[in-house]
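One structure is given below, encoded as structure tokens.
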Amino acid sequence: MSMFCNQCQETAKNTGCTINGVCGKKEATANLQDLLVYACQGIAAVAIEARKKRINTNAESKYIVNCLFMTITNANFDDRSIIDAIKACNGLRDALKIKVSYKGTEDMVGWSATSDAEFHEKSTHVSTLNFDTNEDIRSLKQYVLFGLKGIAAYAEHAFNLGFEEQDIYDFIEEVLLKITKPSDLSSMLNLVLQTGEHGVQVMALLDKANTSAFGNPEISSVNIGVGKNPGILISGHDLKDIEQLLIQTEGKDIDIYTHSEMLPSHAYPKLKKYKHLVGNYGNAWHRQLEEFETFNGPILFTTNCLVPPRKTTTYNDRVFTTGATGMPEWKVLDKKLPNGHKDYSEIIELAKKCKPPQEIEKGEITIGFAHNQVLSLADKILEAVNSGAIKKIVVMSGCDARQKAREYYTEFAKQLPKDTVILTSGCAKYRYNKLNLGNINGIPRVLDAGQCNDSYSWAFVALKLKEVLGLDDINKLPIIFNIAWYEQKAIIVHLALLYLGIKNTHIGPTLPGFLTPNVLKIVQEKFGVKVSTTVEEDMKIFELN
Ligand code: SF4
Ligand code: SF4
């Protein structure tokens, strides 16, 4: 079967990429990623049986999480590393089968391959299109799988910092198995909501992991210009990776800059204390093709989003990937130091030989409004809400992407009445965080909580406001949700909002293409989910004009 992938917002014709990914993923890579999911299903089947026999499956669960992370949009384009991961999955599965005396004969626990050609051949027989003959059930299974991938991404950051919950692993594995079995509409809808519930759980866990390790984010100004030292640019979401880089570059006259989703690092007390964490360079992930050229120094990807380099790109020998990420042209960083930290010496040596970054903008942006900081301003915010100085709070969290339609979010932010504040998180903020929208009674009009997983902060704040204002329904708050989405982490964030009972969310610039008309109708009726339209129309719908 040729490739079929419909897991992200950019999917071809909003129905599915079938020849090449709009993201740049090739047919073989897409198929291998499906096979990697299949291999994870094989381990999951055996791991569930193993746990019944009280056999510890922590290593297998973590490996499944890492593999699911590899399959999310723009994380891994490297067939070699995907084939190696499939082999490793089958190895873990077979070793566990012996321990369990597994009797099942399903293909996913029995198949094997050795040569690359055999893996490629097998990969053409697995696809999300095989999930079910009923297209609505298949659509819901895809919905759940994409949510699971988001859960896996956040679970991996949490366990990298030593925070785990067995319940999350149990859920991932049980669901991986459930989507291989026949089901009905109502059970699948239930599973969608349970996925949202586990989304809340994993985001709370990651929040605990990040804040325990690095302190609570606090209001911080971040320089967006450049200094005179050579620099290293670090992108992605993994705060442990940036901490280790900061430790290893201290006192070496190398400046560390964040890119894209790594921006919130500047707000964590235990990361911002490093004086050589000097600023944020550039914008959201999709601008990397130009911004990496002018950065001049080495670049480290800790997670997505990677954009395949152009033929004319000059920075290939300066880019490194780690963790779940991979690109055939770029080096993988997998060596460890005796203390267990990742070995960044190669990047550091390279940085010393590079020119300082070329300035592409000047100024500062203010960040650090995660829930603890926002709640410390709660009295001020409530006063402004009660006095009418703040009429509406607009959650504009989510993703950014390259389509022109995304200009909607810049325009929406610009046209919002001056008595509104924007709560943001994720890389959608790059569409409006440099607009200088002013403040209301000293409260900035753009409150940035952090990464996409920090969208959890807004649910936390909303629930707190509901409690303080004595409301019986979260939907009676003066908060509206206009969320931009792109990939599977955003899917789990949105499912988390639905699980928390937040209705009438607008998402855009398109609704998920993997939802069939029937499923879409159910989601719209049950949760009031709508697609964003034009700025003018949405201002009317949200009663903002
Ligand atoms: S991840 Fe998105 S753009 Fe890439 S192949 Fe899949 S649907 Fe297409
Ligand atoms: S905000 Fe969206 S596009 Fe950006 S990394 Fe998070 S999920 Fe991906």
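All residue names refer to the structure tokens as shown: chains lettered A, B, ... in order, residues numbered from 1 in each chain, ligands numbered from 1 in order.
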Would you mind listing the residues within 9 Å of ligand 1, counting only C-alpha atoms and all ligand atoms, as a ChimeraX atom specification?
/A:3-12,14-27,30,71-74,486-487,513
Any chance you can output those residues with N, CA and C atoms as a JSON list (two decimals), in the first residue's frame?
```json
[["chain", "number", "residue", "atom", "x", "y", "z"],
["A", 3, "MET", "N", 1.74, 5.20, 0.87],
["A", 3, "MET", "CA", 1.58, 5.81, 2.19],
["A", 3, "MET", "C", 0.19, 6.40, 2.39],
["A", 4, "PHE", "N", -0.23, 6.42, 3.64],
["A", 4, "PHE", "CA", -1.43, 7.19, 3.98],
["A", 4, "PHE", "C", -1.20, 7.79, 5.36],
["A", 5, "CYS", "N", -1.19, 9.10, 5.43],
["A", 5, "CYS", "CA", -1.00, 9.75, 6.72],
["A", 5, "CYS", "C", -1.93, 10.96, 6.80],
["A", 6, "ASN", "N", -2.72, 11.00, 7.85],
["A", 6, "ASN", "CA", -3.65, 12.14, 8.01],
["A", 6, "ASN", "C", -3.57, 12.69, 9.42],
["A", 7, "GLN", "N", -2.36, 12.62, 10.03],
["A", 7, "GLN", "CA", -2.31, 12.93, 11.45],
["A", 7, "GLN", "C", -2.11, 14.41, 11.78],
["A", 8, "CYS", "N", -1.86, 15.24, 10.79],
["A", 8, "CYS", "CA", -1.64, 16.64, 11.17],
["A", 8, "CYS", "C", -2.49, 17.59, 10.36],
["A", 9, "GLN", "N", -2.42, 18.85, 10.76],
["A", 9, "GLN", "CA", -3.30, 19.87, 10.17],
["A", 9, "GLN", "C", -2.93, 20.18, 8.72],
["A", 10, "GLU", "N", -1.67, 19.91, 8.36],
["A", 10, "GLU", "CA", -1.26, 20.24, 6.98],
["A", 10, "GLU", "C", -1.60, 19.15, 5.98],
["A", 11, "THR", "N", -2.21, 18.07, 6.43],
["A", 11, "THR", "CA", -2.41, 16.92, 5.56],
["A", 11, "THR", "C", -3.03, 17.30, 4.20],
["A", 12, "ALA", "N", -2.59, 16.65, 3.15],
["A", 12, "ALA", "CA", -2.99, 17.03, 1.80],
["A", 12, "ALA", "C", -4.51, 17.06, 1.65],
["A", 14, "ASN", "N", -6.68, 18.27, 3.24],
["A", 14, "ASN", "CA", -7.36, 18.01, 4.53],
["A", 14, "ASN", "C", -7.99, 16.62, 4.57],
["A", 15, "THR", "N", -7.43, 15.69, 3.82],
["A", 15, "THR", "CA", -7.93, 14.31, 3.89],
["A", 15, "THR", "C", -6.82, 13.30, 4.17],
["A", 16, "GLY", "N", -5.62, 13.53, 3.62],
["A", 16, "GLY", "CA", -4.54, 12.58, 3.88],
["A", 16, "GLY", "C", -3.44, 12.69, 2.84],
["A", 17, "CYS", "N", -2.19, 12.56, 3.30],
["A", 17, "CYS", "CA", -1.06, 12.57, 2.37],
["A", 17, "CYS", "C", -0.89, 11.16, 1.82],
["A", 18, "THR", "N", -0.84, 11.01, 0.51],
["A", 18, "THR", "CA", -0.79, 9.67, -0.08],
["A", 18, "THR", "C", 0.40, 9.46, -1.00],
["A", 19, "ILE", "N", 1.09, 10.53, -1.37],
["A", 19, "ILE", "CA", 2.23, 10.36, -2.27],
["A", 19, "ILE", "C", 3.50, 10.77, -1.55],
["A", 20, "ASN", "N", 3.46, 11.93, -0.98],
["A", 20, "ASN", "CA", 4.55, 12.50, -0.19],
["A", 20, "ASN", "C", 3.89, 13.28, 0.92],
["A", 21, "GLY", "N", 4.54, 13.36, 2.06],
["A", 21, "GLY", "CA", 3.97, 14.20, 3.11],
["A", 21, "GLY", "C", 4.14, 15.67, 2.78],
["A", 22, "VAL", "N", 3.13, 16.46, 3.10],
["A", 22, "VAL", "CA", 3.29, 17.91, 2.98],
["A", 22, "VAL", "C", 4.45, 18.36, 3.88],
["A", 23, "CYS", "N", 4.68, 17.60, 4.95],
["A", 23, "CYS", "CA", 5.78, 17.90, 5.89],
["A", 23, "CYS", "C", 7.13, 17.51, 5.32],
["A", 24, "GLY", "N", 7.14, 16.80, 4.19],
["A", 24, "GLY", "CA", 8.41, 16.35, 3.61],
["A", 24, "GLY", "C", 8.67, 14.87, 3.86],
["A", 25, "LYS", "N", 7.76, 14.22, 4.59],
["A", 25, "LYS", "CA", 7.95, 12.78, 4.88],
["A", 25, "LYS", "C", 7.73, 11.98, 3.60],
["A", 26, "LYS", "N", 8.66, 11.08, 3.32],
["A", 26, "LYS", "CA", 8.55, 10.25, 2.11],
["A", 26, "LYS", "C", 7.68, 9.03, 2.40],
["A", 27, "GLU", "N", 7.23, 8.41, 1.30],
["A", 27, "GLU", "CA", 6.37, 7.23, 1.41],
["A", 27, "GLU", "C", 6.99, 6.16, 2.32],
["A", 30, "ALA", "N", 6.92, 7.14, 5.99],
["A", 30, "ALA", "CA", 5.55, 7.09, 6.54],
["A", 30, "ALA", "C", 5.16, 5.65, 6.82],
["A", 71, "THR", "N", 7.10, 8.93, 15.93],
["A", 71, "THR", "CA", 6.18, 8.93, 14.79],
["A", 71, "THR", "C", 5.34, 10.19, 14.69],
["A", 72, "ILE", "N", 5.54, 11.13, 15.63],
["A", 72, "ILE", "CA", 4.71, 12.33, 15.50],
["A", 72, "ILE", "C", 5.24, 13.22, 14.37],
["A", 73, "THR", "N", 4.41, 14.15, 13.98],
["A", 73, "THR", "CA", 4.75, 15.00, 12.84],
["A", 73, "THR", "C", 6.08, 15.71, 13.05],
["A", 74, "ASN", "N", 6.93, 15.68, 12.04],
["A", 74, "ASN", "CA", 8.16, 16.47, 12.03],
["A", 74, "ASN", "C", 9.17, 16.11, 13.09],
["A", 486, "TYR", "N", -1.87, 21.90, 14.98],
["A", 486, "TYR", "CA", -1.03, 21.43, 13.87],
["A", 486, "TYR", "C", -0.79, 19.93, 14.02],
["A", 487, "GLU", "N", -0.25, 19.52, 15.17],
["A", 487, "GLU", "CA", 0.10, 18.09, 15.25],
["A", 487, "GLU", "C", -0.48, 17.41, 16.50],
["A", 513, "GLY", "N", -8.68, 16.58, 9.64],
["A", 513, "GLY", "CA", -9.10, 15.87, 8.43],
["A", 513, "GLY", "C", -9.41, 14.41, 8.69]]
```
Need the shell around Ile247 of chain A: protein/DNA/RNA residues with any atom at most 10 Å away, counting only C-alpha atoms. Skip same-chain ones fewer than 6 positions apart. Format as a list in words?
Leu271, Tyr274 and His341 of chain A
Please dump the current selection as a PDB file, in the first residue's frame; keep all heavy atoms.
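And here is the file that came out, result_18.pdb:
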```
ATOM      1  N   LEU A 271      17.002  27.524  35.313  1.00  0.00           N
ATOM      2  CA  LEU A 271      17.629  27.606  33.992  1.00  0.00           C
ATOM      3  C   LEU A 271      18.069  29.039  33.712  1.00  0.00           C
ATOM      4  O   LEU A 271      19.147  29.280  33.179  1.00  0.00           O
ATOM      5  CB  LEU A 271      16.658  27.118  32.907  1.00  0.00           C
ATOM      6  CG  LEU A 271      16.242  25.641  33.004  1.00  0.00           C
ATOM      7  CD1 LEU A 271      15.180  25.303  31.963  1.00  0.00           C
ATOM      8  CD2 LEU A 271      17.443  24.702  32.822  1.00  0.00           C
ATOM      9  N   TYR A 274      21.610  30.724  34.573  1.00  0.00           N
ATOM     10  CA  TYR A 274      22.814  30.637  33.743  1.00  0.00           C
ATOM     11  C   TYR A 274      22.914  31.898  32.894  1.00  0.00           C
ATOM     12  O   TYR A 274      22.063  32.142  32.036  1.00  0.00           O
ATOM     13  CB  TYR A 274      22.759  29.393  32.843  1.00  0.00           C
ATOM     14  CG  TYR A 274      22.852  28.099  33.621  1.00  0.00           C
ATOM     15  CD1 TYR A 274      21.713  27.413  34.015  1.00  0.00           C
ATOM     16  CD2 TYR A 274      24.093  27.584  34.000  1.00  0.00           C
ATOM     17  CE1 TYR A 274      21.795  26.239  34.753  1.00  0.00           C
ATOM     18  CE2 TYR A 274      24.185  26.410  34.741  1.00  0.00           C
ATOM     19  CZ  TYR A 274      23.033  25.748  35.112  1.00  0.00           C
ATOM     20  OH  TYR A 274      23.120  24.599  35.842  1.00  0.00           O
ATOM     21  N   HIS A 341      25.073  12.392  31.758  1.00  0.00           N
ATOM     22  CA  HIS A 341      24.577  13.492  30.917  1.00  0.00           C
ATOM     23  C   HIS A 341      24.919  13.230  29.453  1.00  0.00           C
ATOM     24  O   HIS A 341      25.884  12.540  29.156  1.00  0.00           O
ATOM     25  CB  HIS A 341      25.235  14.820  31.333  1.00  0.00           C
ATOM     26  CG  HIS A 341      24.695  15.376  32.619  1.00  0.00           C
ATOM     27  ND1 HIS A 341      24.874  16.669  33.021  1.00  0.00           N
ATOM     28  CD2 HIS A 341      23.954  14.803  33.600  1.00  0.00           C
ATOM     29  CE1 HIS A 341      24.291  16.864  34.176  1.00  0.00           C
ATOM     30  NE2 HIS A 341      23.723  15.741  34.560  1.00  0.00           N
TER      31      HIS A 341
END
```
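Restricting the calculation to only C-alpha atoms, the smallest distance between Lys466 of chain A and any of A:Cys452, A:Ile502, A:Glu135, A:Leu277 is found for A:Ile502.
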Go through chain A residue by residue and, counting only C-alpha atoms and all ligand atoms, keep those with an atom at most 6 Å from ligand 2; for each kept residue give the shortest atom pair and its distance in Å to one decimal, ordered by chain and increasing number, as CSV.
```
residue,atom,partner,partner_atom_place_in_ligand_line,distance
A:Gly398,CA,ligand 2,1 (S),5.0
A:Cys399,CA,ligand 2,2 (Fe),3.5
A:Asp400,CA,ligand 2,3 (S),5.5
A:Gly426,CA,ligand 2,1 (S),3.7
A:Cys427,CA,ligand 2,1 (S),4.3
A:Cys452,CA,ligand 2,6 (Fe),4.5
A:Tyr486,CA,ligand 2,3 (S),5.3
A:Glu487,CA,ligand 2,7 (S),5.2
A:Lys489,CA,ligand 2,7 (S),4.3
A:Ala490,CA,ligand 2,7 (S),4.6
```
The selected residues should be written to file as a compact mmCIF listing (two decimals), in the first residue's frame (atoms: N, CA and C atoms).
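What follows is the written file part13.txt:
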```txt
# COMPACT_ATOMS: atom_id res chain seq x y z
N GLY A 398 -1.79 27.02 21.23
CA GLY A 398 -1.68 26.04 20.15
C GLY A 398 -0.44 26.19 19.31
N CYS A 399 -0.59 25.77 18.08
CA CYS A 399 0.56 25.60 17.20
C CYS A 399 0.70 26.75 16.21
N ASP A 400 1.86 26.80 15.63
CA ASP A 400 2.03 27.62 14.43
C ASP A 400 2.39 26.68 13.28
N GLY A 426 2.43 27.30 23.57
CA GLY A 426 2.69 26.64 22.29
C GLY A 426 3.27 27.65 21.31
N CYS A 427 3.59 27.20 20.10
CA CYS A 427 4.29 28.12 19.19
C CYS A 427 3.35 29.03 18.41
N CYS A 452 3.38 23.94 24.41
CA CYS A 452 2.02 23.46 24.15
C CYS A 452 1.47 22.69 25.36
N TYR A 486 -1.87 21.90 14.98
CA TYR A 486 -1.03 21.43 13.87
C TYR A 486 -0.79 19.93 14.02
N GLU A 487 -0.25 19.52 15.17
CA GLU A 487 0.10 18.09 15.25
C GLU A 487 -0.48 17.41 16.50
N LYS A 489 0.44 16.68 19.55
CA LYS A 489 0.46 17.23 20.90
C LYS A 489 -0.71 18.18 21.08
N ALA A 490 -1.01 18.91 20.01
CA ALA A 490 -2.16 19.82 20.08
C ALA A 490 -3.46 19.03 20.16
```
Helix (DSSP H, G or I) residues, from DSSP on the backbone, in segment 302-348 of chain A, as a list in words
Asn316, Asp317, Arg318, Ser345, Glu346, Ile347 and Ile348 of chain A
Taking only segment 138-379 of chain A into account, list the residues labelled strand (DSSP E or B) by DSSP (computed from the backbone), as an MDAnalysis selection string.
chainID A and resid 220:223 231:235 255:259 277:280 299:301 319:321 326 331:332 336 342 364:367
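Shortest separation to Leu191 of chain A among A:Ala50, A:Leu161, A:Leu140, A:Ala152 occurs at residue A:Leu140, atoms counted being only C-alpha atoms.
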Quick one: residues within 6 Å of segment 233-241 of chain A, only C-alpha atoms, excluding same-chain residues fewer than 6 positions away - as a compact mmCIF listing (two decimals) with N, CA and C atoms, in the first residue's frame?
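Listing of out-v5.txt after writing:
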```txt
# COMPACT_ATOMS: atom_id res chain seq x y z
N HIS A 157 9.09 13.48 28.25
CA HIS A 157 9.76 14.60 28.94
C HIS A 157 9.69 14.41 30.45
N TYR A 257 21.21 30.15 22.91
CA TYR A 257 19.97 30.78 22.47
C TYR A 257 18.90 29.69 22.33
N THR A 258 17.67 30.05 22.67
CA THR A 258 16.57 29.11 22.44
C THR A 258 15.93 29.41 21.09
N HIS A 259 15.32 28.37 20.51
CA HIS A 259 14.56 28.56 19.28
C HIS A 259 13.19 27.95 19.48
N GLU A 261 10.00 26.26 20.43
CA GLU A 261 9.34 25.80 21.65
C GLU A 261 10.25 25.81 22.89
N MET A 262 11.53 26.08 22.72
CA MET A 262 12.43 26.10 23.88
C MET A 262 12.40 27.46 24.59
N ILE A 299 23.28 23.83 15.99
CA ILE A 299 21.86 23.79 16.37
C ILE A 299 21.55 22.40 16.90
N LEU A 300 20.81 22.35 17.99
CA LEU A 300 20.45 21.05 18.58
C LEU A 300 18.94 20.91 18.65
N PHE A 301 18.43 19.83 18.05
CA PHE A 301 17.00 19.52 18.13
C PHE A 301 16.77 18.51 19.24
N THR A 302 16.01 18.90 20.24
CA THR A 302 15.69 17.94 21.30
C THR A 302 14.36 17.24 21.00
N THR A 303 13.51 17.87 20.23
CA THR A 303 12.24 17.26 19.77
C THR A 303 11.86 17.90 18.46
N ASN A 304 10.64 17.62 18.01
CA ASN A 304 10.17 18.28 16.79
C ASN A 304 10.02 19.78 17.07
```
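Omitting Ala204 of chain A and its sequence neighbours fewer than 6 positions away, and counting only C-alpha atoms, the residues within 12 Å are A:Ile151, A:Tyr154, A:Ala155, A:Ala158, A:Phe163, A:Glu164, A:Glu165, A:Ile168, A:Glu197, A:His198, A:Asn210, A:Thr211, A:Ser212, A:His371, A:Asn453, A:Asp454, A:Ser455, A:Tyr456, A:Ser457, A:Trp458, A:Ala459, A:Phe460, A:Val493, A:Ala496.
Between Asn372 of chain A and the candidates A:Asp116, A:Glu349, A:Asp207, A:Glu49, the tightest atom-to-atom separation, counting only C-alpha atoms, involves A:Asp207.
Residue nearest Leu96 of chain A within the list A:Glu407, A:Asp448, A:Glu60, A:Glu525: A:Glu60 [criterion: smallest interatomic distance, only C-alpha atoms].
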Residue contacts of Gly326 of chain A (6 Å, only C-alpha atoms) excluding same-chain residues fewer than 4 positions away, as a ChimeraX atom specification:
/A:76-78,321
Output file for the selection above: N, CA and C atoms, as an mmCIF file, in the first residue's frame:
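Everything below was put into selection_32.cif:
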```
data_model
loop_
_atom_site.group_PDB
_atom_site.id
_atom_site.type_symbol
_atom_site.label_atom_id
_atom_site.label_comp_id
_atom_site.auth_asym_id
_atom_site.auth_seq_id
_atom_site.Cartn_x
_atom_site.Cartn_y
_atom_site.Cartn_z
ATOM 1 N N ASN A 76 10.868 12.664 13.189
ATOM 2 C CA ASN A 76 11.922 11.779 12.719
ATOM 3 C C ASN A 76 11.710 11.399 11.244
ATOM 4 N N PHE A 77 12.665 11.775 10.433
ATOM 5 C CA PHE A 77 12.603 11.509 8.991
ATOM 6 C C PHE A 77 13.663 10.473 8.594
ATOM 7 N N ASP A 78 14.257 9.811 9.579
ATOM 8 C CA ASP A 78 15.424 8.966 9.311
ATOM 9 C C ASP A 78 15.038 7.474 9.310
ATOM 10 N N THR A 321 20.733 16.055 16.197
ATOM 11 C CA THR A 321 19.441 15.646 16.761
ATOM 12 C C THR A 321 19.704 14.738 17.958
#
```
Among A:His494, A:Lys521, A:Lys272, A:Arg406, Met203 of chain A is approached most closely, using only C-alpha atoms, by A:His494
List as a list of chain:residue names the protein and nucleic acid residues near segment 408-419 of chain A, meaning an atom at most 9 Å away when only C-alpha atoms are counted, but skip any in the same chain fewer than 5 places from it.
A:Gly388, A:Ala389, A:Ile390, A:Lys391, A:Lys392, A:Ile393, A:Met396, A:Ala428, A:Lys429, A:Tyr430, A:Arg431, A:Tyr432, A:Leu435, A:Leu437, A:Gly438, A:Asn439, A:Ile440, A:Arg445, A:Ala484, A:Pro509, A:Thr533, A:Thr534, A:Val535, A:Glu536, A:Asp538, A:Met539, A:Leu544, A:Asn545
Name the closest residue to Ser2 of chain A among the candidates A:Val109, A:Val385, A:Val468, A:Leu129; distances are taken between atoms, counting only C-alpha atoms.
A:Leu129
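Atom to atom, atom CA of Val531 of chain A and atom CA of Pro512 of chain A stand 9.5 Å apart.
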For Thr133 of chain A, list every protein, DNA or RNA residue within 12 Å, evaluated using only C-alpha atoms, and leave out those in the same chain fewer than 6 positions away; present the list as number ranges by chain.
A: 139, 141, 180-184
File dump, residues just selected, N, CA, C and O atoms, as a short mmCIF file (atom, residue, chain, number, x, y, z; two decimals), in the first residue's frame:
```
data_model
loop_
_atom_site.label_atom_id
_atom_site.label_comp_id
_atom_site.auth_asym_id
_atom_site.auth_seq_id
_atom_site.Cartn_x
_atom_site.Cartn_y
_atom_site.Cartn_z
N SER A 139 -11.99 6.33 12.03
CA SER A 139 -11.70 7.73 12.31
C SER A 139 -11.47 7.92 13.82
O SER A 139 -10.51 8.59 14.24
N LYS A 141 -10.56 5.66 15.95
CA LYS A 141 -9.32 4.97 16.34
C LYS A 141 -8.11 5.85 16.00
O LYS A 141 -7.14 5.90 16.75
N THR A 180 -6.74 -2.39 17.84
CA THR A 180 -6.58 -3.50 16.88
C THR A 180 -7.83 -4.39 16.87
O THR A 180 -7.93 -5.31 16.07
N LYS A 181 -8.76 -4.12 17.79
CA LYS A 181 -9.92 -5.01 17.93
C LYS A 181 -11.20 -4.34 17.46
O LYS A 181 -11.29 -3.11 17.46
N PRO A 182 -12.21 -5.15 17.10
CA PRO A 182 -13.48 -4.53 16.67
C PRO A 182 -14.07 -3.70 17.81
O PRO A 182 -13.87 -4.02 18.98
N SER A 183 -14.75 -2.63 17.45
CA SER A 183 -15.35 -1.78 18.49
C SER A 183 -16.62 -1.15 17.95
O SER A 183 -16.98 -1.36 16.80
N ASP A 184 -17.32 -0.39 18.79
CA ASP A 184 -18.51 0.33 18.32
C ASP A 184 -18.36 1.80 18.63
O ASP A 184 -17.47 2.21 19.38
#
```
